[in-house]
Every structure is written in structure tokens, then in C-alpha cells.
Amino acid sequence: MRHSGFRDYLTENAPWLAAGVLLTFLSSFGQTFFISIFAGEIRAEFGLSHGGWGGIYTLGTTASAVVMIWAGSLTDVFRVRVLGPLVLAGLALAALAMAFNAWVFLLPLVIFALRLFGQGMSTHIAMVAMARWFTATRGRALSVASMGYAVGEAMLPILFVAAMAIIDWRFLWVVAAGIALLGIPVLTRLLRQERTPQSMAQDYVAAGMEGRHWARVQALRHPLFWFIVPVLLTPAAFVTAFFFHQVHLAEIKGWQHVELVALFPVFTGVATLSMFAAGWALDRWGTARMMPFYLLPMAVGFLIFAWIGSIGGALLGIVFLGLSTGANNTLPSAFWAEFYGTRHIGAIKAMATAVMVLGSALGPGLTGGLIDLGLELEAQFVGIAAIFTLACACAWIGIRRAVRSL
């Protein structure tokens, strides 16, 4: 009966859910798990050290985080069917720039564009749309939309790593640009009739704390936002760093890179199950009970990678990372709508997305610099696990105080 109900839900909402899936899938071309599979080729092409490449990645990603504060708020002004195609066109141009760029001084600009249009705006538009279009089933909608990201994470690294054995890495970026461009007419067709006209967004009744729809400046003045910042920052920083340094991690562990990449579908499978479980749980219980604890498995995962030496042990670590990553795909987006309301959700989540993008900028640069200084990843992973634990404590303190206002 439950399965039948879920099938009916998918059928009734197919165009809008599919639009979310498409946007999160195409965001893959600006995500670290995709860009990092070319790390060896990029470093060799431009003569970069681990720290140099990490620094360029940090610079470009930080710039994209700053722009996201403005660009993300456009989702409160423009419909998805207008903004989405423009973002995908920008993503395609960024991929072409990576394919044809021959100058190292332009590399930060290329990274900026990939991160802004891919990781930043494509994901942001999809998540804001789900949070706004769906209220009673918000968790379910966010989980379904995040499937695009999961599919991209499972398929694209294996396909493109295998393709690099026979195809020049630059041409593969042309292929990525072509796929992004093909997404534009598909998205336009799916959203011929948008679920909620933008003019009606102000009439939504899903208010937040104190029965209010909080504006972004009000949210930034509320202590809860800053207690949640560590939970946003840490997975973005250190899961990004994990995937960013995947080639180097395989080297120091004595694994073949393809052996490590072969574990990514397991990561995606666990993350997908966790994502749907978190979506079901937040529809049933809300985000307040879950936000302070969902990153603890990630802390365990980093400890496992710090201490194990076998590829079999890596499989266990990947499972624990996946448990938290799946929940991370749904819980924060639902959290903002639940605690701050939906009327200004685009602007508020844009700030939160900027924090996450900033984290993804800091992680590779920080860990790459520490590698250059002689502090290897295994030692760093122990410290990272401790940071995750502290982030959970911050979330617990902030939510415990704020939940009374719901």
C-alpha cells in the first residue's frame, strides 16, 4: 500500500520532480567529485603542486560563494523555467572553457564558473523549488530531486575515468558541455506549466519560528543561523576535500585509483537509501530532532579512512560517509523552510548555499596546503572527525533553544 502511494505521488508530480532530478544531475559537472577526476591531468598540464591546484580551486570556489549570495536570491524573483535554462547555458560555457583553456591564470575563472553554475545555482534552484512547491511532502520531494546528484555521483566518475584511457581529457569536457546543453530543452518541456507561479509564492502559509516568514537579514541576526553554520560548513569542506584528493589518497594507501572510484557507487547507494530515510523521517518528525546528530557517521567514516590500509576497509569507511551525505542532501534544505518559512526561502538558502560553497572552497585548499607541509591525509582525517563532532554539538545547542519558537 505504501509503495502504491509513493508510485501515485511520483506519477502525479512527475514533471516537477523530474525537473529537480535533471538540475541536480547536471550540477555534477560543477561538483568536486567530477572535477577532481581530472586532477592529475590538470596538475600535469599546468605544472601545479597539490597546494597550488588546491589554492586555485579555493580561489575560484570562494568567488563563486560570494556571488551565490546575490545570484541565489534570484530564485525569489524568477521562475525556474526562466532561470534554469540560463544557468545550464552558463554551465555548458564553463565546461567548454575548461576544455579549451590553455593559460593557468584563467584557471581560477574557469573553476569559478563551473562551481557557480554547477554546484551552486543548479543545485540551489532545484532545492528551493522543492522546498517551495511541496509543503506536507517536502522531505520526500527533496529526496527524489536529490536522486539526480546521486546518479551523477555513481555513474559519471566511472564512465569518465574509463573514457580517459582512450579519449583526451579536454574532449571529455566538450562532452560534458553537450550534455548540459541537451538539458535545456528537456527542462523547458518539463516546466511548461510550473507547479507554483512565482506570483503566488508570497501566499504560501508555511511559516517558520514565531509563525513568521523571516527575511534574510532577520535570519542572519538570529543566533540559530550561526549555530547551524558549522553543520553546513564541515561536510562541504571535508567531503569535498576527500573527493578532491582521491588520486593522492589512492597513492598513499597503495591502491589503484580505479579501485577507489569503483567504491563510489556503494557510496551513492548508501547515500540514496539514507537520503530517502531522512526524507521520510523529516516529514514525520521534522528536522529539529535530526540535525544535531546526522553528521556523526561521517566522523566515524573519516576515522576509518585514517586508520585502515586495505581497500576492503575503505568500503566500510565509504558506507559511513554515505550515511551522513544522504541525509545532508535533504535535511538542511528542509530546515530553512521549517524554521524560517518559505516566503524568502530563496534568499535565506542562498546564504546557506554560499556558506556550503565557501566550505567546499576552504577544504581542498587547506588540506592541500597541509599535504605540502608534510601533514598527510591520514593524520588530517583524525582532526576532521573531531571537527564534525564539535559541529554536531553546536547544532544541538542552537536547535534546543530555537525549537520552542516553532
# chains A, B, ... in the order shown; residues from 1 in each chain; ligands from 1
call {"tool": "residues_around", "arguments": {"residues": "Thr188 of chain A", "least_positions_apart": "5", "cutoff": "9 Å", "atoms": "only C-alpha atoms", "output": "JSON, numbers by chain"}}
result
{"A": [19, 81, 82, 84, 85, 183]}
call {"tool": "select_by_dssp", "arguments": {"residues": "segment 157-384 of chain A", "states": "alpha helix (DSSP H)", "output": "ChimeraX atom specification"}}
result
/A:157-163,169-190,216-221,223-244,246-253,257-261,264-285,296-307,311-328,331-340,345-372,377-384
call {"tool": "residues_around", "arguments": {"residues": "Ala271 of chain A", "least_positions_apart": "2", "cutoff": "8 Å", "atoms": "only C-alpha atoms", "output": "list in words"}}
result
Ala150, Phe267, Thr268, Gly269, Leu273, Ser274, Met275, Gly322, Leu323, Ser324, Thr325, Gly326 and Ala327 of chain A
call {"tool": "write_last_selection", "arguments": {"atoms": "all heavy atoms", "output": "PDB file, in the first residue's frame"}}
result
ATOM      1  N   ALA A 150      22.775  11.892  -6.975  1.00  0.00           N
ATOM      2  CA  ALA A 150      23.237  10.544  -6.640  1.00  0.00           C
ATOM      3  C   ALA A 150      23.587   9.749  -7.883  1.00  0.00           C
ATOM      4  O   ALA A 150      24.610   9.042  -7.930  1.00  0.00           O
ATOM      5  CB  ALA A 150      22.163   9.811  -5.826  1.00  0.00           C
ATOM      6  N   PHE A 267      29.000   4.139  -2.208  1.00  0.00           N
ATOM      7  CA  PHE A 267      28.768   5.404  -1.513  1.00  0.00           C
ATOM      8  C   PHE A 267      27.428   6.004  -1.929  1.00  0.00           C
ATOM      9  O   PHE A 267      26.614   6.415  -1.092  1.00  0.00           O
ATOM     10  CB  PHE A 267      29.912   6.368  -1.834  1.00  0.00           C
ATOM     11  CG  PHE A 267      29.718   7.774  -1.339  1.00  0.00           C
ATOM     12  CD1 PHE A 267      30.038   8.131  -0.043  1.00  0.00           C
ATOM     13  CD2 PHE A 267      29.228   8.752  -2.193  1.00  0.00           C
ATOM     14  CE1 PHE A 267      29.857   9.439   0.409  1.00  0.00           C
ATOM     15  CE2 PHE A 267      29.048  10.053  -1.751  1.00  0.00           C
ATOM     16  CZ  PHE A 267      29.367  10.395  -0.446  1.00  0.00           C
ATOM     17  N   THR A 268      27.192   6.014  -3.239  1.00  0.00           N
ATOM     18  CA  THR A 268      25.959   6.597  -3.758  1.00  0.00           C
ATOM     19  C   THR A 268      24.736   5.784  -3.340  1.00  0.00           C
ATOM     20  O   THR A 268      23.687   6.343  -2.994  1.00  0.00           O
ATOM     21  CB  THR A 268      26.023   6.694  -5.291  1.00  0.00           C
ATOM     22  OG1 THR A 268      27.165   7.471  -5.652  1.00  0.00           O
ATOM     23  CG2 THR A 268      24.771   7.333  -5.861  1.00  0.00           C
ATOM     24  N   GLY A 269      24.861   4.449  -3.365  1.00  0.00           N
ATOM     25  CA  GLY A 269      23.747   3.596  -2.958  1.00  0.00           C
ATOM     26  C   GLY A 269      23.364   3.816  -1.509  1.00  0.00           C
ATOM     27  O   GLY A 269      22.177   3.959  -1.171  1.00  0.00           O
ATOM     28  N   LEU A 273      19.821   5.571  -0.036  1.00  0.00           N
ATOM     29  CA  LEU A 273      18.958   4.981   0.986  1.00  0.00           C
ATOM     30  C   LEU A 273      18.821   5.910   2.191  1.00  0.00           C
ATOM     31  O   LEU A 273      17.733   6.113   2.724  1.00  0.00           O
ATOM     32  CB  LEU A 273      19.511   3.624   1.421  1.00  0.00           C
ATOM     33  CG  LEU A 273      19.473   2.504   0.371  1.00  0.00           C
ATOM     34  CD1 LEU A 273      20.189   1.264   0.899  1.00  0.00           C
ATOM     35  CD2 LEU A 273      18.026   2.172  -0.005  1.00  0.00           C
ATOM     36  N   SER A 274      19.952   6.487   2.608  1.00  0.00           N
ATOM     37  CA  SER A 274      19.938   7.410   3.735  1.00  0.00           C
ATOM     38  C   SER A 274      19.125   8.658   3.409  1.00  0.00           C
ATOM     39  O   SER A 274      18.398   9.184   4.266  1.00  0.00           O
ATOM     40  CB  SER A 274      21.375   7.804   4.094  1.00  0.00           C
ATOM     41  OG  SER A 274      21.402   8.818   5.066  1.00  0.00           O
ATOM     42  N   MET A 275      19.219   9.106   2.172  1.00  0.00           N
ATOM     43  CA  MET A 275      18.500  10.298   1.739  1.00  0.00           C
ATOM     44  C   MET A 275      16.988  10.098   1.831  1.00  0.00           C
ATOM     45  O   MET A 275      16.262  10.944   2.358  1.00  0.00           O
ATOM     46  CB  MET A 275      18.912  10.626   0.303  1.00  0.00           C
ATOM     47  CG  MET A 275      18.282  11.848  -0.304  1.00  0.00           C
ATOM     48  SD  MET A 275      19.075  12.183  -1.900  1.00  0.00           S
ATOM     49  CE  MET A 275      18.641  10.697  -2.815  1.00  0.00           C
ATOM     50  N   GLY A 322      28.621   7.779   3.361  1.00  0.00           N
ATOM     51  CA  GLY A 322      27.364   7.819   2.619  1.00  0.00           C
ATOM     52  C   GLY A 322      26.156   8.044   3.505  1.00  0.00           C
ATOM     53  O   GLY A 322      25.195   8.715   3.110  1.00  0.00           O
ATOM     54  N   LEU A 323      26.179   7.482   4.726  1.00  0.00           N
ATOM     55  CA  LEU A 323      25.047   7.643   5.635  1.00  0.00           C
ATOM     56  C   LEU A 323      24.765   9.115   5.931  1.00  0.00           C
ATOM     57  O   LEU A 323      23.620   9.571   5.908  1.00  0.00           O
ATOM     58  CB  LEU A 323      25.308   6.886   6.943  1.00  0.00           C
ATOM     59  CG  LEU A 323      25.237   5.360   6.872  1.00  0.00           C
ATOM     60  CD1 LEU A 323      25.723   4.748   8.183  1.00  0.00           C
ATOM     61  CD2 LEU A 323      23.808   4.901   6.564  1.00  0.00           C
ATOM     62  N   SER A 324      25.813   9.866   6.201  1.00  0.00           N
ATOM     63  CA  SER A 324      25.626  11.288   6.502  1.00  0.00           C
ATOM     64  C   SER A 324      25.387  12.113   5.243  1.00  0.00           C
ATOM     65  O   SER A 324      24.617  13.071   5.252  1.00  0.00           O
ATOM     66  CB  SER A 324      26.855  11.839   7.232  1.00  0.00           C
ATOM     67  OG  SER A 324      26.930  11.342   8.545  1.00  0.00           O
ATOM     68  N   THR A 325      26.054  11.741   4.158  1.00  0.00           N
ATOM     69  CA  THR A 325      25.912  12.509   2.925  1.00  0.00           C
ATOM     70  C   THR A 325      24.486  12.473   2.409  1.00  0.00           C
ATOM     71  O   THR A 325      23.952  13.495   1.948  1.00  0.00           O
ATOM     72  CB  THR A 325      26.870  11.978   1.851  1.00  0.00           C
ATOM     73  OG1 THR A 325      28.223  12.102   2.324  1.00  0.00           O
ATOM     74  CG2 THR A 325      26.722  12.746   0.540  1.00  0.00           C
ATOM     75  N   GLY A 326      23.841  11.316   2.474  1.00  0.00           N
ATOM     76  CA  GLY A 326      22.459  11.219   2.023  1.00  0.00           C
ATOM     77  C   GLY A 326      21.538  12.119   2.814  1.00  0.00           C
ATOM     78  O   GLY A 326      20.711  12.847   2.250  1.00  0.00           O
ATOM     79  N   ALA A 327      21.673  12.095   4.131  1.00  0.00           N
ATOM     80  CA  ALA A 327      20.849  12.970   4.970  1.00  0.00           C
ATOM     81  C   ALA A 327      21.156  14.437   4.702  1.00  0.00           C
ATOM     82  O   ALA A 327      20.263  15.290   4.742  1.00  0.00           O
ATOM     83  CB  ALA A 327      21.084  12.637   6.447  1.00  0.00           C
TER      84      ALA A 327
END
call {"tool": "closest_residue", "arguments": {"among": "A:Ala129, A:Ala141, A:Val87, A:Leu116", "to": "Ile345 of chain A", "atoms": "only C-alpha atoms"}}
result
A:Ala129
call {"tool": "closest_residue", "arguments": {"among": "A:Leu181, A:Met155, A:Val128, A:Ala395", "to": "Leu295 of chain A", "atoms": "only C-alpha atoms"}}
result
A:Ala395
call {"tool": "closest_residue", "arguments": {"among": "A:Thr58, A:Thr137, A:Thr11, A:Gln193", "to": "Gly365 of chain A", "atoms": "only C-alpha atoms"}}
result
A:Thr58
call {"tool": "closest_residue", "arguments": {"among": "A:Gly178, A:Pro230, A:Gly47, A:Pro223", "to": "Phe388 of chain A", "atoms": "only C-alpha atoms"}}
result
A:Pro230
call {"tool": "residues_around", "arguments": {"residues": "Asp76 of chain A", "least_positions_apart": "4", "cutoff": "8 Å", "atoms": "only C-alpha atoms", "output": "VMD selection string"}}
result
chain A and resid 198 344 to 347
call {"tool": "write_last_selection", "arguments": {"atoms": "N, CA and C atoms", "output": "PDB file, in the first residue's frame"}}
result
ATOM      1  N   GLN A 198       5.264  32.107  -9.660  1.00  0.00           N
ATOM      2  CA  GLN A 198       6.057  32.907  -8.728  1.00  0.00           C
ATOM      3  C   GLN A 198       5.199  33.962  -8.025  1.00  0.00           C
ATOM      4  N   HIS A 344      10.704  33.797   1.820  1.00  0.00           N
ATOM      5  CA  HIS A 344      12.028  34.304   1.420  1.00  0.00           C
ATOM      6  C   HIS A 344      13.053  33.170   1.403  1.00  0.00           C
ATOM      7  N   ILE A 345      12.573  31.955   1.144  1.00  0.00           N
ATOM      8  CA  ILE A 345      13.451  30.787   1.231  1.00  0.00           C
ATOM      9  C   ILE A 345      14.610  30.860   0.240  1.00  0.00           C
ATOM     10  N   GLY A 346      14.387  31.468  -0.927  1.00  0.00           N
ATOM     11  CA  GLY A 346      15.466  31.571  -1.909  1.00  0.00           C
ATOM     12  C   GLY A 346      16.630  32.391  -1.386  1.00  0.00           C
ATOM     13  N   ALA A 347      16.331  33.541  -0.802  1.00  0.00           N
ATOM     14  CA  ALA A 347      17.386  34.420  -0.292  1.00  0.00           C
ATOM     15  C   ALA A 347      18.092  33.802   0.917  1.00  0.00           C
TER      16      ALA A 347
END
call {"tool": "residues_around", "arguments": {"residues": "Gln380 of chain A", "least_positions_apart": "3", "cutoff": "10 Å", "atoms": "only C-alpha atoms", "output": "list in words"}}
result
Phe302, Leu303, Ala306, Thr367, Leu370, Ile371, Leu375, Glu376, Leu377, Gly383, Ile384 and Ala385 of chain A
call {"tool": "write_last_selection", "arguments": {"atoms": "C-alpha atoms", "output": "mmCIF file, in the first residue's frame"}}
result
data_model
loop_
_atom_site.group_PDB
_atom_site.id
_atom_site.type_symbol
_atom_site.label_atom_id
_atom_site.label_comp_id
_atom_site.auth_asym_id
_atom_site.auth_seq_id
_atom_site.Cartn_x
_atom_site.Cartn_y
_atom_site.Cartn_z
ATOM 1 C CA PHE A 302 36.934 9.706 8.420
ATOM 2 C CA LEU A 303 38.413 7.826 11.372
ATOM 3 C CA ALA A 306 42.642 7.446 8.838
ATOM 4 C CA THR A 367 44.148 20.049 3.144
ATOM 5 C CA LEU A 370 48.857 20.760 4.808
ATOM 6 C CA ILE A 371 49.918 17.939 2.469
ATOM 7 C CA LEU A 375 50.906 16.530 7.217
ATOM 8 C CA GLU A 376 49.417 13.573 5.341
ATOM 9 C CA LEU A 377 45.734 12.892 4.885
ATOM 10 C CA GLY A 383 41.276 16.049 13.264
ATOM 11 C CA ILE A 384 38.427 16.290 10.764
ATOM 12 C CA ALA A 385 36.449 13.673 12.716
#
call {"tool": "atom_distance", "arguments": {"atom1": "atom CA of Ala113 of chain A", "atom2": "atom CA of Gly359 of chain A"}}
result
16.9 Å
call {"tool": "closest_residue", "arguments": {"among": "A:Ala219, A:Ile311, A:Met164, A:Leu74", "to": "Glu259 of chain A", "atoms": "only C-alpha atoms"}}
result
A:Ile311
call {"tool": "closest_atom_pairs", "arguments": {"of": "segment 214-258 of chain A", "to": "segment 360-363 of chain A", "cutoff": "8 Å", "atoms": "only C-alpha atoms", "output": "JSON lines"}}
result
{"residue": "A:Leu233", "atom": "CA", "partner": "A:Ser360", "partner_atom": "CA", "distance": 7.8}
{"residue": "A:Ala236", "atom": "CA", "partner": "A:Ser360", "partner_atom": "CA", "distance": 4.8}
{"residue": "A:Ala237", "atom": "CA", "partner": "A:Gly363", "partner_atom": "CA", "distance": 4.1}
{"residue": "A:Phe238", "atom": "CA", "partner": "A:Gly363", "partner_atom": "CA", "distance": 5.4}
{"residue": "A:Thr240", "atom": "CA", "partner": "A:Ser360", "partner_atom": "CA", "distance": 5.6}
{"residue": "A:Ala241", "atom": "CA", "partner": "A:Gly363", "partner_atom": "CA", "distance": 5.1}
call {"tool": "write_last_selection", "arguments": {"atoms": "C-alpha atoms", "output": "PDB file, in the first residue's frame"}}
result
ATOM      1  CA  LEU A 233      30.488  24.197   6.514  1.00  0.00           C
ATOM      2  CA  ALA A 236      31.061  20.785   2.349  1.00  0.00           C
ATOM      3  CA  ALA A 237      34.696  21.366   3.300  1.00  0.00           C
ATOM      4  CA  PHE A 238      35.883  17.887   4.113  1.00  0.00           C
ATOM      5  CA  THR A 240      34.888  17.923  -0.917  1.00  0.00           C
ATOM      6  CA  ALA A 241      38.491  17.547   0.236  1.00  0.00           C
TER       7      ALA A 241
END
call {"tool": "residues_around", "arguments": {"residues": "Trp53 of chain A", "least_positions_apart": "3", "cutoff": "12 Å", "atoms": "only C-alpha atoms", "output": "JSON list (two decimals) with N, CA, C and O atoms, in the first residue's frame"}}
result
[["chain", "number", "residue", "atom", "x", "y", "z"],
["A", 35, "ILE", "N", 35.01, 17.17, -11.09],
["A", 35, "ILE", "CA", 36.20, 17.94, -11.44],
["A", 35, "ILE", "C", 37.47, 17.24, -10.98],
["A", 35, "ILE", "O", 38.49, 17.22, -11.68],
["A", 36, "SER", "N", 37.40, 16.60, -9.80],
["A", 36, "SER", "CA", 38.61, 16.01, -9.21],
["A", 36, "SER", "C", 39.12, 14.79, -9.97],
["A", 36, "SER", "O", 40.29, 14.42, -9.80],
["A", 38, "PHE", "N", 39.83, 14.75, -12.90],
["A", 38, "PHE", "CA", 40.80, 15.30, -13.85],
["A", 38, "PHE", "C", 41.98, 15.95, -13.14],
["A", 38, "PHE", "O", 42.80, 16.62, -13.78],
["A", 39, "ALA", "N", 42.08, 15.78, -11.81],
["A", 39, "ALA", "CA", 43.10, 16.48, -11.03],
["A", 39, "ALA", "C", 44.51, 16.19, -11.52],
["A", 39, "ALA", "O", 45.33, 17.10, -11.67],
["A", 40, "GLY", "N", 44.80, 14.91, -11.78],
["A", 40, "GLY", "CA", 46.14, 14.55, -12.25],
["A", 40, "GLY", "C", 46.47, 15.21, -13.57],
["A", 40, "GLY", "O", 47.58, 15.74, -13.76],
["A", 41, "GLU", "N", 45.53, 15.21, -14.51],
["A", 41, "GLU", "CA", 45.76, 15.80, -15.83],
["A", 41, "GLU", "C", 45.91, 17.32, -15.73],
["A", 41, "GLU", "O", 46.76, 17.92, -16.39],
["A", 42, "ILE", "N", 45.08, 17.95, -14.90],
["A", 42, "ILE", "CA", 45.15, 19.41, -14.76],
["A", 42, "ILE", "C", 46.47, 19.82, -14.12],
["A", 42, "ILE", "O", 47.13, 20.77, -14.56],
["A", 43, "ARG", "N", 46.87, 19.11, -13.06],
["A", 43, "ARG", "CA", 48.14, 19.44, -12.40],
["A", 43, "ARG", "C", 49.32, 19.25, -13.34],
["A", 43, "ARG", "O", 50.25, 20.07, -13.38],
["A", 44, "ALA", "N", 49.29, 18.18, -14.13],
["A", 44, "ALA", "CA", 50.37, 17.93, -15.09],
["A", 44, "ALA", "C", 50.37, 18.96, -16.21],
["A", 44, "ALA", "O", 51.43, 19.46, -16.62],
["A", 45, "GLU", "N", 49.21, 19.32, -16.70],
["A", 45, "GLU", "CA", 49.08, 20.27, -17.80],
["A", 45, "GLU", "C", 49.61, 21.65, -17.43],
["A", 45, "GLU", "O", 50.28, 22.30, -18.23],
["A", 46, "PHE", "N", 49.32, 22.08, -16.19],
["A", 46, "PHE", "CA", 49.67, 23.43, -15.79],
["A", 46, "PHE", "C", 50.85, 23.47, -14.81],
["A", 46, "PHE", "O", 51.20, 24.55, -14.32],
["A", 47, "GLY", "N", 51.45, 22.32, -14.50],
["A", 47, "GLY", "CA", 52.61, 22.27, -13.63],
["A", 47, "GLY", "C", 52.33, 22.70, -12.20],
["A", 47, "GLY", "O", 53.08, 23.48, -11.61],
["A", 48, "LEU", "N", 51.23, 22.18, -11.62],
["A", 48, "LEU", "CA", 50.79, 22.60, -10.30],
["A", 48, "LEU", "C", 51.09, 21.55, -9.25],
["A", 48, "LEU", "O", 50.98, 20.35, -9.51],
["A", 49, "SER", "N", 51.45, 22.00, -8.04],
["A", 49, "SER", "CA", 51.56, 21.10, -6.90],
["A", 49, "SER", "C", 50.18, 20.84, -6.33],
["A", 49, "SER", "O", 49.19, 21.44, -6.75],
["A", 50, "HIS", "N", 50.11, 19.95, -5.31],
["A", 50, "HIS", "CA", 48.82, 19.72, -4.64],
["A", 50, "HIS", "C", 48.30, 21.03, -4.03],
["A", 50, "HIS", "O", 47.12, 21.36, -4.15],
["A", 56, "ILE", "N", 44.13, 27.26, -6.27],
["A", 56, "ILE", "CA", 43.34, 27.74, -7.41],
["A", 56, "ILE", "C", 41.88, 27.33, -7.23],
["A", 56, "ILE", "O", 40.96, 28.13, -7.47],
["A", 57, "TYR", "N", 41.66, 26.11, -6.80],
["A", 57, "TYR", "CA", 40.30, 25.62, -6.59],
["A", 57, "TYR", "C", 39.61, 26.42, -5.49],
["A", 57, "TYR", "O", 38.43, 26.78, -5.60],
["A", 58, "THR", "N", 40.35, 26.73, -4.44],
["A", 58, "THR", "CA", 39.81, 27.53, -3.34],
["A", 58, "THR", "C", 39.46, 28.93, -3.81],
["A", 58, "THR", "O", 38.38, 29.46, -3.47],
["A", 59, "LEU", "N", 40.34, 29.54, -4.59],
["A", 59, "LEU", "CA", 40.10, 30.90, -5.08],
["A", 59, "LEU", "C", 38.84, 30.97, -5.93],
["A", 59, "LEU", "O", 37.96, 31.81, -5.71],
["A", 60, "GLY", "N", 38.73, 30.07, -6.90],
["A", 60, "GLY", "CA", 37.57, 30.07, -7.78],
["A", 60, "GLY", "C", 36.28, 29.76, -7.05],
["A", 60, "GLY", "O", 35.24, 30.39, -7.29],
["A", 104, "VAL", "N", 47.19, 29.13, -17.26],
["A", 104, "VAL", "CA", 46.96, 28.84, -15.85],
["A", 104, "VAL", "C", 46.31, 30.01, -15.13],
["A", 104, "VAL", "O", 45.53, 29.81, -14.18],
["A", 105, "PHE", "N", 46.57, 31.25, -15.58],
["A", 105, "PHE", "CA", 45.99, 32.40, -14.88],
["A", 105, "PHE", "C", 44.47, 32.50, -15.08],
["A", 105, "PHE", "O", 43.79, 33.20, -14.32],
["A", 107, "LEU", "N", 42.63, 29.70, -15.04],
["A", 107, "LEU", "CA", 42.05, 28.52, -14.40],
["A", 107, "LEU", "C", 41.13, 28.86, -13.22],
["A", 107, "LEU", "O", 40.06, 28.25, -13.08],
["A", 108, "PRO", "N", 41.48, 29.84, -12.36],
["A", 108, "PRO", "CA", 40.53, 30.20, -11.29],
["A", 108, "PRO", "C", 39.18, 30.68, -11.82],
["A", 108, "PRO", "O", 38.14, 30.41, -11.23],
["A", 111, "ILE", "N", 37.20, 27.60, -12.88],
["A", 111, "ILE", "CA", 36.68, 26.93, -11.68],
["A", 111, "ILE", "C", 35.51, 27.73, -11.10],
["A", 111, "ILE", "O", 34.48, 27.16, -10.69],
["A", 244, "PHE", "N", 38.36, 15.53, -3.65],
["A", 244, "PHE", "CA", 39.35, 16.34, -4.35],
["A", 244, "PHE", "C", 40.71, 15.65, -4.36],
["A", 244, "PHE", "O", 41.43, 15.69, -5.36],
["A", 245, "HIS", "N", 41.05, 15.02, -3.24],
["A", 245, "HIS", "CA", 42.36, 14.37, -3.11],
["A", 245, "HIS", "C", 42.29, 12.86, -3.33],
["A", 245, "HIS", "O", 43.14, 12.11, -2.85],
["A", 361, "ALA", "N", 35.29, 25.44, -0.80],
["A", 361, "ALA", "CA", 36.49, 26.15, -1.24],
["A", 361, "ALA", "C", 37.63, 25.98, -0.25],
["A", 361, "ALA", "O", 38.79, 25.76, -0.62],
["A", 364, "PRO", "N", 39.62, 21.85, 0.12],
["A", 364, "PRO", "CA", 40.75, 21.43, -0.73],
["A", 364, "PRO", "C", 41.99, 22.28, -0.53],
["A", 364, "PRO", "O", 43.11, 21.75, -0.51],
["A", 365, "GLY", "N", 41.81, 23.61, -0.39],
["A", 365, "GLY", "CA", 42.97, 24.47, -0.21],
["A", 365, "GLY", "C", 43.69, 24.19, 1.10],
["A", 365, "GLY", "O", 44.93, 24.10, 1.14],
["A", 366, "LEU", "N", 42.93, 24.04, 2.19],
["A", 366, "LEU", "CA", 43.51, 23.77, 3.50],
["A", 366, "LEU", "C", 44.23, 22.43, 3.53],
["A", 366, "LEU", "O", 45.40, 22.33, 3.93],
["A", 367, "THR", "N", 43.54, 21.38, 3.09],
["A", 367, "THR", "CA", 44.15, 20.05, 3.14],
["A", 367, "THR", "C", 45.31, 19.92, 2.16],
["A", 367, "THR", "O", 46.31, 19.27, 2.46],
["A", 368, "GLY", "N", 45.19, 20.57, 0.98],
["A", 368, "GLY", "CA", 46.30, 20.53, 0.03],
["A", 368, "GLY", "C", 47.53, 21.23, 0.56],
["A", 368, "GLY", "O", 48.66, 20.75, 0.40],
["A", 369, "GLY", "N", 47.32, 22.38, 1.21],
["A", 369, "GLY", "CA", 48.45, 23.09, 1.81],
["A", 369, "GLY", "C", 49.11, 22.28, 2.91],
["A", 369, "GLY", "O", 50.35, 22.26, 3.03],
["A", 371, "ILE", "N", 49.16, 19.02, 3.12],
["A", 371, "ILE", "CA", 49.92, 17.94, 2.47],
["A", 371, "ILE", "C", 51.29, 18.45, 2.04],
["A", 371, "ILE", "O", 52.32, 17.80, 2.26],
["A", 372, "ASP", "N", 51.32, 19.65, 1.43],
["A", 372, "ASP", "CA", 52.60, 20.23, 1.00],
["A", 372, "ASP", "C", 53.52, 20.49, 2.19],
["A", 372, "ASP", "O", 54.76, 20.44, 2.05]]
call {"tool": "atom_distance", "arguments": {"atom1": "atom CA of Arg132 of chain A", "atom2": "atom CA of Ile179 of chain A"}}
result
27.3 Å
call {"tool": "atom_distance", "arguments": {"atom1": "atom CA of Val270 of chain A", "atom2": "atom CA of Gly139 of chain A"}}
result
17.5 Å
call {"tool": "residues_around", "arguments": {"residues": "Ala18 of chain A", "least_positions_apart": "4", "cutoff": "8 Å", "atoms": "only C-alpha atoms", "output": "VMD selection string"}}
result
chain A and resid 14 22 145 190
call {"tool": "closest_residue", "arguments": {"among": "A:Leu17, A:Leu316, A:Met98, A:Met356", "to": "Ser143 of chain A", "atoms": "only C-alpha atoms"}}
result
A:Leu17
call {"tool": "closest_atom_pairs", "arguments": {"of": "segment 60-112 of chain A", "to": "segment 117-122 of chain A", "cutoff": "10 Å", "atoms": "only C-alpha atoms", "output": "JSON lines"}}
result
{"residue": "A:Thr61", "atom": "CA", "partner": "A:Gly120", "partner_atom": "CA", "distance": 9.5}
{"residue": "A:Ser64", "atom": "CA", "partner": "A:Gly120", "partner_atom": "CA", "distance": 7.6}
{"residue": "A:Ala65", "atom": "CA", "partner": "A:Gly120", "partner_atom": "CA", "distance": 7.7}
{"residue": "A:Val67", "atom": "CA", "partner": "A:Gly120", "partner_atom": "CA", "distance": 9.5}
{"residue": "A:Met68", "atom": "CA", "partner": "A:Gly120", "partner_atom": "CA", "distance": 6.8}
{"residue": "A:Ala71", "atom": "CA", "partner": "A:Met121", "partner_atom": "CA", "distance": 7.6}
{"residue": "A:Gly72", "atom": "CA", "partner": "A:Met121", "partner_atom": "CA", "distance": 6.6}
{"residue": "A:Leu74", "atom": "CA", "partner": "A:Met121", "partner_atom": "CA", "distance": 9.9}
{"residue": "A:Thr75", "atom": "CA", "partner": "A:Met121", "partner_atom": "CA", "distance": 9.4}
{"residue": "A:Leu83", "atom": "CA", "partner": "A:Met121", "partner_atom": "CA", "distance": 9.4}
{"residue": "A:Gly84", "atom": "CA", "partner": "A:Ser122", "partner_atom": "CA", "distance": 7.2}
{"residue": "A:Pro85", "atom": "CA", "partner": "A:Ser122", "partner_atom": "CA", "distance": 9.7}
{"residue": "A:Leu86", "atom": "CA", "partner": "A:Phe117", "partner_atom": "CA", "distance": 9.2}
{"residue": "A:Val87", "atom": "CA", "partner": "A:Phe117", "partner_atom": "CA", "distance": 5.7}
{"residue": "A:Leu88", "atom": "CA", "partner": "A:Phe117", "partner_atom": "CA", "distance": 7.0}
{"residue": "A:Ala89", "atom": "CA", "partner": "A:Phe117", "partner_atom": "CA", "distance": 8.7}
{"residue": "A:Gly90", "atom": "CA", "partner": "A:Phe117", "partner_atom": "CA", "distance": 6.2}
{"residue": "A:Leu91", "atom": "CA", "partner": "A:Phe117", "partner_atom": "CA", "distance": 5.1}
{"residue": "A:Ala92", "atom": "CA", "partner": "A:Phe117", "partner_atom": "CA", "distance": 8.9}
{"residue": "A:Leu93", "atom": "CA", "partner": "A:Phe117", "partner_atom": "CA", "distance": 9.7}
{"residue": "A:Ala94", "atom": "CA", "partner": "A:Phe117", "partner_atom": "CA", "distance": 8.1}
{"residue": "A:Ala95", "atom": "CA", "partner": "A:Gly118", "partner_atom": "CA", "distance": 9.8}
{"residue": "A:Phe112", "atom": "CA", "partner": "A:Phe117", "partner_atom": "CA", "distance": 8.5}
